[in-house]
Amino acid sequence: MTQTEAPAEAPQTVTRVLQRVVFPADRDLDVMPLYVDYSAGMLMTADEPGSSRAAAKESAAPAFDAMQSTRRPENVLGRHRMRIAADQRASFGTYFNGFAASYWRMWSVLSEVVLRVRVRGDAAVIVYRSTPDGRSQRVDSANTDDDPSGEFAFRLPLKPFADGGWYWFDVFAGGDDAILEEAAWCADVPVERARQGTVTIGITTYNRPDSCVELLGQLANDKDVMERIDELIVVDQGNQKVADEALFGEVAAALGTKLRMIDQGNIGGSGGFARAQYETAKAGVSDYVLLLDDDIVAETESVLRSLVFGDLCTNPTIVGGHMFSLYKRSQLHSFGEKVNLYHFWWGPAPHVHPEHDFSAHGLRSTGWMHRRVDVDFNGWWMCLIPRTVIDEIGLGLPLFIKWDDSEYGIRAREAGFQTVTMPGVAVWHVPWTDKNDALDWQAYYHQRNRTVAALLHSPYDRSGSVIRQSFRHQIKHLLSMQYSTADLRLDALEDILRGPEHLHAEIGTKLAEVRAKRSSHADAQMAPHPDRFPRVRLRKPPKRGRSAGDISGMMGKVVAAGMSGIKQFRPTRAEAEFNPEAQIAAADAKWWRLAQFDSAVVSTTDGTSASWYRRDRDTFKRLLTRTVSLHERMHREWPQLVRQYRAAMDDLTGWEAWERTFADAEANATLPSSAANGTPPASEPGESTSTSS
């Protein structure tokens with residue numbers, strides 16, 4: 001007689017909400033295309049070989065007009081409710097309301113997702129999916145004629161989404177208006193994944209008290225987000241204090257005991273974010289730390305989405321958010337970043353088209369966006385880091401600004417932790433296209449920190465192309481009369497050669513030295529308007545009537561480089577000492593154009609000021625000699641520097657060194673005026689309040 005085996009019990013599961021359908025709280029028309037799409041959604045193949053992005057944009061005009069005519073803010077009835085007018089069709093295949101199935105399939109424990117929709121009125125719900133190249137396929141549908149309850153659930157597999165693809169749904173209203181009451185993407189997950197992780201939010205701020213208070217207010221007003229926050233830490237490193245802002249008291253009262261203000265001297269964004277990492281790890285309460293810039297506008301639903309994705313990832317994963325432009329709010333500025341390890345420079349991930357505008361092309365008509373984009377790191381404008389990652393790989397590097405976020409992502413990947421930049425998770429931020437911080441005092445940090453990161457992580461002997469590129473850029477700056485930039489970049493190399501100990505030792509003092517060095521050069525002397533300088537005067541008119549400085553073709557640039565190199569050793573024309581020879585817009589200030597002049601007034605990228613570049617033969621010779629010497633030495637000593645910096649990694653990123661740095665920074669903090677006046681600060685005794693620039 002054989003014993004009958006008892007049937008195996010089905011594994012226990014619980015339902016978790018992955019992503020709710022949401023709408024802009026303020027009904028802002030500029031961002032509406034990120035939430036709902038009324039266009040036909042015809043696939044634009046602008047990213048295919050032989051196609052033209054310009055032609056694709058032009059062909060989108062009819063769809064854009066249709067979208068404009070039906071985009072009515074009064075149809076948004078709440079954060080989760082929307083009216084669809086009679087005989088209209090609204091698609092939720094959008095950035096914030098589509099479901100990025102391929103990311104969940106790749107990185108999470110899920111094998112399927114359940115779309116739950118509740119509608120009222122004469123409505124049909126149609127579910128679609130896309131392939132990795134953006135082609136849409138109808139999956140399922142339901143309507144209130146067959147089921148008057150209007151409550152529909154669609155169980156959808158994730159198996160077909162290995163390389164890309166999204167799910168979304170449309171709602172079609174019949175003869176009467178229909179109301180989307182609510183919708184959510186859910187999943188049945190194993191019971192061991194039932195617990196909702198909690199977070200400490202770390203905001204680093206430097207003299208942006210108004211922006212910081214607005215961000216705190218956004219978080220405070222979202223009760224669902226507040227339930228998941230253990231602590232909200234603001235590291236204030238400025239002398240214009242958040243605690244002194246007019247609305248701070250009201251916001252602090254709403255946040256209550258969850259708000260902690262820390263005042264410390266300015267040790268940069270890396271110092272502020274490392275402080276948030278440190279406090280989170282030290283407390284040992286939160287599962288994650290969420291790093292946020294102080295000057296962002298947040299879609300607070302993104303906080304919840306990043307947390308649930310982190311909870312359900314197969315392994316501990318850094319979850320990043322995308323960046324939209326704060327100035328053109330439907331424009332996606334960063335969709336995924338990679339580091340080229342040979343050149344050791346960051347840039348958009350392959351297949352990504354930066355500055356994509358959803359008001360012209362929605363998600364359904366943008367083929368490249370359906371392919372999953374894998375990244376090396378995520379900017380710390382919004383980045384969720386599991387506490388377990390901090391425990392294993394340490395805190396950020398003491399770099400002040402630049403490269404701390406990208407280096408951390410590379411370091412995490414080497415330790416086995418992936419970074420995922422998650423669609424539907426985003427903030428609005430000032431785009432970096434509106435500034436050129438590689439020319440001002442920040443040039444020092446670009447040069448030093450990129451090279452330090454390469455020393456720590458480059459797999460190539462002698463740095464790949466880092467030293468060679470650095471030398472080429474240095475020559476371009478010298479030919480362009482950008483002596484302050486060239487000087488600071490050389491200072492950066494000298495500091496690297498002194499060894500890694502200077503990173504912590506000088507994090508709070510180096511900025512003053514850098515600014516002082518830069519201010520000693522003529523190209524750093526700014527005026528609010530080009531007219532503040534003497535008027536342009538040329539000794540003779542340009543050849544054949546061309547605009548001064550025009551170059552035609554690559555050969556023209558090669559000739560200009562050779563002639564300009566020779567010219568640097570000749571005396572400066574006397575007239576150029578008293579009058580600039582040209583007035584050049586920032587967009588036209590290329591090295592091969594600037595190199596043709598002995599002096600020129602050049603606008604800054606942000607358009608707020610201009611400076612007068614003047615050629616100086618002695619300065620050029622001195623900086624050129626130093627350039628050759630330092631780059632030769634960097635090449636020769638690279639293997640030794642690699643060993644030195646990599647041996648110091650644990651000390652640089654460990655608690656002990658950072659604790660000493662934090663203690664020094666707190667001793668140099670500027671107290672809020674309320675505390676200076678004897679008024680108790682809003683935070684706990686002994687604690688204080690701004691992102692470092």
# chains A, B, ... in the order shown; residues from 1 in each chain; ligands from 1

$ select_by_dssp --residues "stretch 238-397 of chain A" --states "helix (DSSP H, G or I)" --output "ChimeraX atom specification"
/A:242-244,248-258,268-283,301-312,363-365,367-370,387-393

$ residues_around --residues "A:Trp428" --least-positions-apart "2" --cutoff "12 Å" --atoms "only C-alpha atoms" --output "ChimeraX atom specification"
/A:31,215,292-300,302,321-334,381-382,425-426,430-431

$ write_last_selection --atoms "N, CA and C atoms" --output "mmCIF file, in the first residue's frame"
data_model
loop_
_atom_site.group_PDB
_atom_site.id
_atom_site.type_symbol
_atom_site.label_atom_id
_atom_site.label_comp_id
_atom_site.auth_asym_id
_atom_site.auth_seq_id
_atom_site.Cartn_x
_atom_site.Cartn_y
_atom_site.Cartn_z
ATOM 1 N N VAL A 31 2.711 70.073 -17.645
ATOM 2 C CA VAL A 31 3.118 68.705 -17.306
ATOM 3 C C VAL A 31 2.041 67.673 -17.624
ATOM 4 N N LEU A 215 10.307 72.387 -0.993
ATOM 5 C CA LEU A 215 10.425 70.936 -1.117
ATOM 6 C C LEU A 215 9.942 70.243 0.151
ATOM 7 N N LEU A 292 18.116 63.820 -1.957
ATOM 8 C CA LEU A 292 17.393 64.779 -2.796
ATOM 9 C C LEU A 292 18.139 66.100 -2.843
ATOM 10 N N ASP A 293 18.217 66.700 -4.057
ATOM 11 C CA ASP A 293 18.709 68.068 -4.154
ATOM 12 C C ASP A 293 17.704 69.011 -3.504
ATOM 13 N N ASP A 294 18.204 70.176 -3.079
ATOM 14 C CA ASP A 294 17.342 71.120 -2.380
ATOM 15 C C ASP A 294 16.491 71.953 -3.321
ATOM 16 N N ASP A 295 16.868 72.039 -4.612
ATOM 17 C CA ASP A 295 16.187 72.952 -5.526
ATOM 18 C C ASP A 295 15.351 72.212 -6.562
ATOM 19 N N ILE A 296 14.860 71.043 -6.209
ATOM 20 C CA ILE A 296 14.009 70.281 -7.123
ATOM 21 C C ILE A 296 12.536 70.569 -6.842
ATOM 22 N N VAL A 297 11.703 70.255 -7.829
ATOM 23 C CA VAL A 297 10.262 70.116 -7.624
ATOM 24 C C VAL A 297 9.975 68.631 -7.764
ATOM 25 N N ALA A 298 9.352 68.055 -6.772
ATOM 26 C CA ALA A 298 9.188 66.603 -6.724
ATOM 27 C C ALA A 298 7.791 66.187 -7.171
ATOM 28 N N GLU A 299 7.718 65.059 -7.846
ATOM 29 C CA GLU A 299 6.472 64.306 -7.970
ATOM 30 C C GLU A 299 6.519 63.318 -6.809
ATOM 31 N N THR A 300 5.814 63.638 -5.729
ATOM 32 C CA THR A 300 5.990 62.886 -4.491
ATOM 33 C C THR A 300 5.627 61.415 -4.636
ATOM 34 N N SER A 302 6.702 59.591 -6.724
ATOM 35 C CA SER A 302 7.951 58.931 -7.078
ATOM 36 C C SER A 302 8.647 58.338 -5.858
ATOM 37 N N GLY A 321 15.987 58.310 -9.907
ATOM 38 C CA GLY A 321 14.911 58.980 -10.618
ATOM 39 C C GLY A 321 15.441 59.762 -11.806
ATOM 40 N N HIS A 322 14.601 59.935 -12.810
ATOM 41 C CA HIS A 322 14.956 60.748 -13.962
ATOM 42 C C HIS A 322 14.874 62.236 -13.621
ATOM 43 N N MET A 323 15.441 63.054 -14.501
ATOM 44 C CA MET A 323 15.395 64.499 -14.320
ATOM 45 C C MET A 323 14.636 65.155 -15.475
ATOM 46 N N PHE A 324 13.586 65.905 -15.137
ATOM 47 C CA PHE A 324 12.907 66.766 -16.091
ATOM 48 C C PHE A 324 13.413 68.195 -15.904
ATOM 49 N N SER A 325 13.319 68.981 -16.974
ATOM 50 C CA SER A 325 13.763 70.375 -16.909
ATOM 51 C C SER A 325 12.787 71.211 -16.100
ATOM 52 N N LEU A 326 13.324 71.982 -15.193
ATOM 53 C CA LEU A 326 12.488 72.866 -14.395
ATOM 54 C C LEU A 326 11.962 74.030 -15.227
ATOM 55 N N TYR A 327 12.625 74.313 -16.352
ATOM 56 C CA TYR A 327 12.236 75.442 -17.192
ATOM 57 C C TYR A 327 11.253 75.046 -18.282
ATOM 58 N N LYS A 328 11.389 73.842 -18.824
ATOM 59 C CA LYS A 328 10.434 73.307 -19.790
ATOM 60 C C LYS A 328 9.979 71.972 -19.243
ATOM 61 N N ARG A 329 8.885 71.989 -18.509
ATOM 62 C CA ARG A 329 8.602 70.899 -17.585
ATOM 63 C C ARG A 329 8.135 69.612 -18.247
ATOM 64 N N SER A 330 7.818 69.659 -19.540
ATOM 65 C CA SER A 330 7.495 68.408 -20.235
ATOM 66 C C SER A 330 8.726 67.792 -20.880
ATOM 67 N N GLN A 331 9.891 68.423 -20.705
ATOM 68 C CA GLN A 331 11.118 67.963 -21.350
ATOM 69 C C GLN A 331 11.940 67.093 -20.398
ATOM 70 N N LEU A 332 12.232 65.879 -20.860
ATOM 71 C CA LEU A 332 13.028 64.930 -20.080
ATOM 72 C C LEU A 332 14.501 65.214 -20.341
ATOM 73 N N HIS A 333 15.213 65.614 -19.315
ATOM 74 C CA HIS A 333 16.603 66.022 -19.498
ATOM 75 C C HIS A 333 17.571 64.854 -19.357
ATOM 76 N N SER A 334 17.318 63.958 -18.428
ATOM 77 C CA SER A 334 18.215 62.811 -18.216
ATOM 78 C C SER A 334 17.382 61.552 -18.053
ATOM 79 N N TRP A 381 20.280 64.023 -7.594
ATOM 80 C CA TRP A 381 19.100 64.884 -7.494
ATOM 81 C C TRP A 381 17.947 64.086 -6.885
ATOM 82 N N MET A 382 17.925 62.743 -7.143
ATOM 83 C CA MET A 382 16.991 61.832 -6.485
ATOM 84 C C MET A 382 17.556 60.429 -6.594
ATOM 85 N N VAL A 425 9.634 57.547 -12.047
ATOM 86 C CA VAL A 425 10.238 58.108 -10.836
ATOM 87 C C VAL A 425 11.082 59.294 -11.293
ATOM 88 N N ALA A 426 10.717 60.509 -10.876
ATOM 89 C CA ALA A 426 11.412 61.671 -11.438
ATOM 90 C C ALA A 426 11.192 62.914 -10.597
ATOM 91 N N VAL A 430 16.904 72.164 -12.456
ATOM 92 C CA VAL A 430 17.561 73.030 -13.439
ATOM 93 C C VAL A 430 18.501 72.176 -14.283
ATOM 94 N N PRO A 431 18.331 72.162 -15.613
ATOM 95 C CA PRO A 431 19.198 71.324 -16.451
ATOM 96 C C PRO A 431 20.595 71.898 -16.555
#

$ residues_around --residues "A:Tyr483" --least-positions-apart "4" --cutoff "7 Å" --atoms "only C-alpha atoms" --output "ChimeraX atom specification"
/A:477-478,487,521,523

$ write_last_selection --atoms "C-alpha atoms" --output "mmCIF file, in the first residue's frame"
data_model
loop_
_atom_site.group_PDB
_atom_site.id
_atom_site.type_symbol
_atom_site.label_atom_id
_atom_site.label_comp_id
_atom_site.auth_asym_id
_atom_site.auth_seq_id
_atom_site.Cartn_x
_atom_site.Cartn_y
_atom_site.Cartn_z
ATOM 1 C CA HIS A 477 41.869 76.400 -22.728
ATOM 2 C CA LEU A 478 45.268 78.030 -23.175
ATOM 3 C CA ASP A 487 45.467 77.200 -13.869
ATOM 4 C CA HIS A 521 43.040 86.067 -13.753
ATOM 5 C CA ASP A 523 39.133 86.054 -17.783
#

$ atom_distance --atom1 "atom CA of A:Trp658" --atom2 "atom CA of A:Gly265"
13.7 Å

$ atom_distance --atom1 "atom CA of A:Ala443" --atom2 "atom CA of A:Asp374"
28.8 Å

$ select_by_dssp --residues "stretch 87-117 of chain A" --states "strand (DSSP E)" --output "number ranges by chain"
A: 89-91, 112-117

$ write_last_selection --atoms "C-alpha atoms" --output "mmCIF file, in the first residue's frame"
data_model
loop_
_atom_site.group_PDB
_atom_site.id
_atom_site.type_symbol
_atom_site.label_atom_id
_atom_site.label_comp_id
_atom_site.auth_asym_id
_atom_site.auth_seq_id
_atom_site.Cartn_x
_atom_site.Cartn_y
_atom_site.Cartn_z
ATOM 1 C CA ARG A 89 -10.389 58.581 -25.689
ATOM 2 C CA ALA A 90 -7.687 59.165 -23.078
ATOM 3 C CA SER A 91 -4.534 57.092 -22.941
ATOM 4 C CA GLU A 112 3.208 39.114 -13.380
ATOM 5 C CA VAL A 113 1.380 42.330 -12.603
ATOM 6 C CA VAL A 114 -2.309 43.010 -12.018
ATOM 7 C CA LEU A 115 -3.899 46.180 -13.368
ATOM 8 C CA ARG A 116 -6.911 47.214 -11.303
ATOM 9 C CA VAL A 117 -9.191 49.882 -12.773
#

$ closest_residue --among "A:Phe578, A:Tyr278, A:Phe344, A:Phe400" --to "A:Ala600" --atoms "only C-alpha atoms"
A:Phe578

$ atom_distance --atom1 "atom CA of A:Arg305" --atom2 "atom CA of A:Gly424"
7.8 Å

$ residues_around --residues "A:Arg622" --least-positions-apart "6" --cutoff "12 Å" --atoms "only C-alpha atoms" --output "VMD selection string"
chain A and resid 478 483 486 to 487 490 568 to 569 616 628 to 629

$ write_last_selection --atoms "C-alpha atoms" --output "tab-separated table (two decimals), in the first residue's frame"
chain	number	residue	atom	x	y	z
A	478	LEU	CA	45.27	78.03	-23.18
A	483	TYR	CA	43.89	81.05	-18.12
A	486	ALA	CA	43.81	76.14	-17.12
A	487	ASP	CA	45.47	77.20	-13.87
A	490	LEU	CA	46.75	72.16	-13.08
A	568	GLN	CA	51.00	82.56	-28.70
A	569	PHE	CA	54.74	83.24	-28.67
A	616	ASP	CA	49.14	87.10	-22.26
A	628	VAL	CA	53.65	69.53	-20.12
A	629	SER	CA	55.46	68.78	-16.87

$ residues_around --residues "A:Arg129" --least-positions-apart "2" --cutoff "7 Å" --atoms "only C-alpha atoms" --output "list in words"
Thr131, Ser136, Gln137, Arg138, Val139, Gly165, Trp166, Tyr167 and Trp168 of chain A

$ write_last_selection --atoms "C-alpha atoms" --output "PDB file, in the first residue's frame"
ATOM      1  CA  THR A 131       7.664  45.618 -27.759  1.00  0.00           C
ATOM      2  CA  SER A 136       2.019  48.518 -29.546  1.00  0.00           C
ATOM      3  CA  GLN A 137      -0.163  45.425 -29.226  1.00  0.00           C
ATOM      4  CA  ARG A 138      -3.674  45.186 -27.831  1.00  0.00           C
ATOM      5  CA  VAL A 139      -3.823  42.794 -24.862  1.00  0.00           C
ATOM      6  CA  GLY A 165       8.368  47.119 -23.292  1.00  0.00           C
ATOM      7  CA  TRP A 166       5.613  48.766 -21.274  1.00  0.00           C
ATOM      8  CA  TYR A 167       2.000  48.081 -20.310  1.00  0.00           C
ATOM      9  CA  TRP A 168      -0.646  50.813 -20.316  1.00  0.00           C
TER      10      TRP A 168
END

$ residues_around --residues "A:Leu18" --least-positions-apart "4" --cutoff "9 Å" --atoms "only C-alpha atoms" --output "MDAnalysis selection string"
chainID A and resid 113 184:187 304:305 308:309

$ closest_residue --among "A:Leu307, A:Ala274, A:Val199, A:Val119" --to "A:Gly150" --atoms "only C-alpha atoms"
A:Val119

$ closest_residue --among "A:Leu488, A:Ala100, A:Leu624, A:Leu43" --to "A:Gly367" --atoms "only C-alpha atoms"
A:Leu43
